[in-house]
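> Here it is, the structure, as structure tokens.
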Amino acid sequence: MISSITSAALLIIVFILFLGTIPALILWDHRQQARTATKLSQDIQPCTLCHEQRAGLKLHQTALTGLLLAANYKYFNNYVCPPHARALYSQFQQHTLLKGWWSLHGFIRTPITLLENLSYFKQYMQALAANTSNTPK
Ligand SMILES: [Zn+2]
């Protein structure tokens, strides 16, 4: 009887702590993203896909394929122009959304990968905005 009450209390404490970490994590993520965006906005190279000289910023994307007992990851991590960044983001998200779920590992990793891709794309767009506001016209 006592042990069930203590374990229930422990569970509630853990749950409250867990709820408290969510806003802390969101705040930390926003701060981290802003910091990365300003850092990334200074790092410009031509687009690796079309070799155009305009602002090519670094984009990271992951495509996940679930293979029943295994999972396959395909990474992209290079400098791209804004139109190619949008195309890559949509391509990698579609691939993961359709093919990511088909394994136990993929079932857990697919939502995480989708959020990671979204986060990296948001960083890219923030860096782009920071870059266009920095350069005088
Ligand atoms: Zn391009």
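Each chain of the structure tokens is named A, B, ... in the order shown, its residues numbered from 1; ligands are numbered from 1 in display order.
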Ligand 1: which residues are within 10 Å, counting only C-alpha atoms and all ligand atoms, as a ChimeraX atom specification?

/A:46-56,79-85,87

> Could you pull out the strand (DSSP E or B) residues of chain A from DSSP and send them as a PyMOL selection string?

chain A and resi 57-68+70-80+103

> For A:Thr132, which of A:Leu57, A:Leu17, A:Ile22, A:Ile5 is the closest residue, counting only C-alpha atoms?

A:Leu57

> Set the distance at 9 Å and use only C-alpha atoms: which residues neighbour A:Asp43 once local chain neighbours fewer than 2 positions away are removed? I'd like the list as a ChimeraX atom specification.

/A:39-41,45,56-58

> Let me see the file: selected residues, C-alpha atoms, as a PDB file, in the first residue's frame.


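What landed in again-v5.pdb:
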ATOM      1  CA  LYS A  39      26.816  32.489 -37.473  1.00  0.00           C
ATOM      2  CA  LEU A  40      25.578  30.795 -40.658  1.00  0.00           C
ATOM      3  CA  SER A  41      24.590  34.074 -42.337  1.00  0.00           C
ATOM      4  CA  GLN A  45      29.457  30.106 -50.806  1.00  0.00           C
ATOM      5  CA  GLY A  56      24.389  29.918 -50.901  1.00  0.00           C
ATOM      6  CA  LEU A  57      24.101  29.050 -47.243  1.00  0.00           C
ATOM      7  CA  LYS A  58      24.728  25.710 -45.601  1.00  0.00           C
TER       8      LYS A  58
END

> Please identify the helix (DSSP H, G or I) residues within stretch 4-74 of chain A (assignment by DSSP from backbone atoms) and present them as an MDAnalysis selection string.

chainID A and resid 4:41

> Go ahead and save the picked residues with C-alpha atoms, as a short mmCIF file (atom, residue, chain, number, x, y, z; two decimals), in the first residue's frame.


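Contents of again.cif, freshly written:
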data_model
loop_
_atom_site.label_atom_id
_atom_site.label_comp_id
_atom_site.auth_asym_id
_atom_site.auth_seq_id
_atom_site.Cartn_x
_atom_site.Cartn_y
_atom_site.Cartn_z
CA SER A 4 2.17 2.09 -4.32
CA ILE A 5 1.52 5.57 -2.88
CA THR A 6 5.23 6.46 -2.96
CA SER A 7 5.58 5.16 -6.47
CA ALA A 8 2.54 7.18 -7.55
CA ALA A 9 4.00 10.29 -5.90
CA LEU A 10 7.33 9.62 -7.61
CA LEU A 11 5.56 9.25 -10.94
CA ILE A 12 3.77 12.58 -10.43
CA ILE A 13 7.06 14.32 -9.50
CA VAL A 14 8.76 12.90 -12.59
CA PHE A 15 5.81 14.00 -14.72
CA ILE A 16 5.93 17.57 -13.31
CA LEU A 17 9.70 17.71 -13.91
CA PHE A 18 9.11 16.45 -17.44
CA LEU A 19 6.48 19.16 -18.07
CA GLY A 20 8.88 21.78 -16.75
CA THR A 21 11.63 20.76 -19.15
CA ILE A 22 9.49 21.36 -22.27
CA PRO A 23 9.38 25.21 -22.08
CA ALA A 24 13.04 25.21 -21.03
CA LEU A 25 13.94 23.11 -24.07
CA ILE A 26 11.89 25.34 -26.39
CA LEU A 27 13.60 28.48 -25.03
CA TRP A 28 17.02 26.85 -25.34
CA ASP A 29 16.24 25.75 -28.92
CA HIS A 30 15.14 29.28 -29.94
CA ARG A 31 18.27 30.83 -28.49
CA GLN A 32 20.43 28.17 -30.11
CA GLN A 33 18.73 28.68 -33.48
CA ALA A 34 19.21 32.47 -33.39
CA ARG A 35 22.89 32.01 -32.53
CA THR A 36 23.41 29.49 -35.34
CA ALA A 37 21.50 31.66 -37.82
CA THR A 38 23.73 34.70 -37.26
CA LYS A 39 26.82 32.49 -37.47
CA LEU A 40 25.58 30.80 -40.66
CA SER A 41 24.59 34.07 -42.34
#

> Go through stretch 56-92 of chain A and flag each residue having an atom no more than 10 Å from stretch 111-117 of chain A; for those, report the closest pair of atoms plus their distance in Å to one decimal, using only C-alpha atoms, ordered by chain and rising number, as CSV.


residue,atom,partner,partner_atom,distance
A:Leu59,CA,A:Asn117,CA,9.4
A:His60,CA,A:Asn117,CA,7.4
A:Gln61,CA,A:Asn117,CA,5.4
A:Thr62,CA,A:Asn117,CA,6.5
A:Ala63,CA,A:Thr113,CA,7.7
A:Leu64,CA,A:Thr113,CA,7.4
A:Tyr73,CA,A:Thr113,CA,10.0
A:Tyr89,CA,A:Asn117,CA,7.2
A:Ser90,CA,A:Asn117,CA,9.6
A:Phe92,CA,A:Asn117,CA,8.0

> Which distance in Å separates atom CA of A:Trp102 and atom CA of A:Arg86, to one decimal?

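According to the coordinates, atom CA of A:Trp102 and atom CA of A:Arg86 are separated by 25.6 Å.
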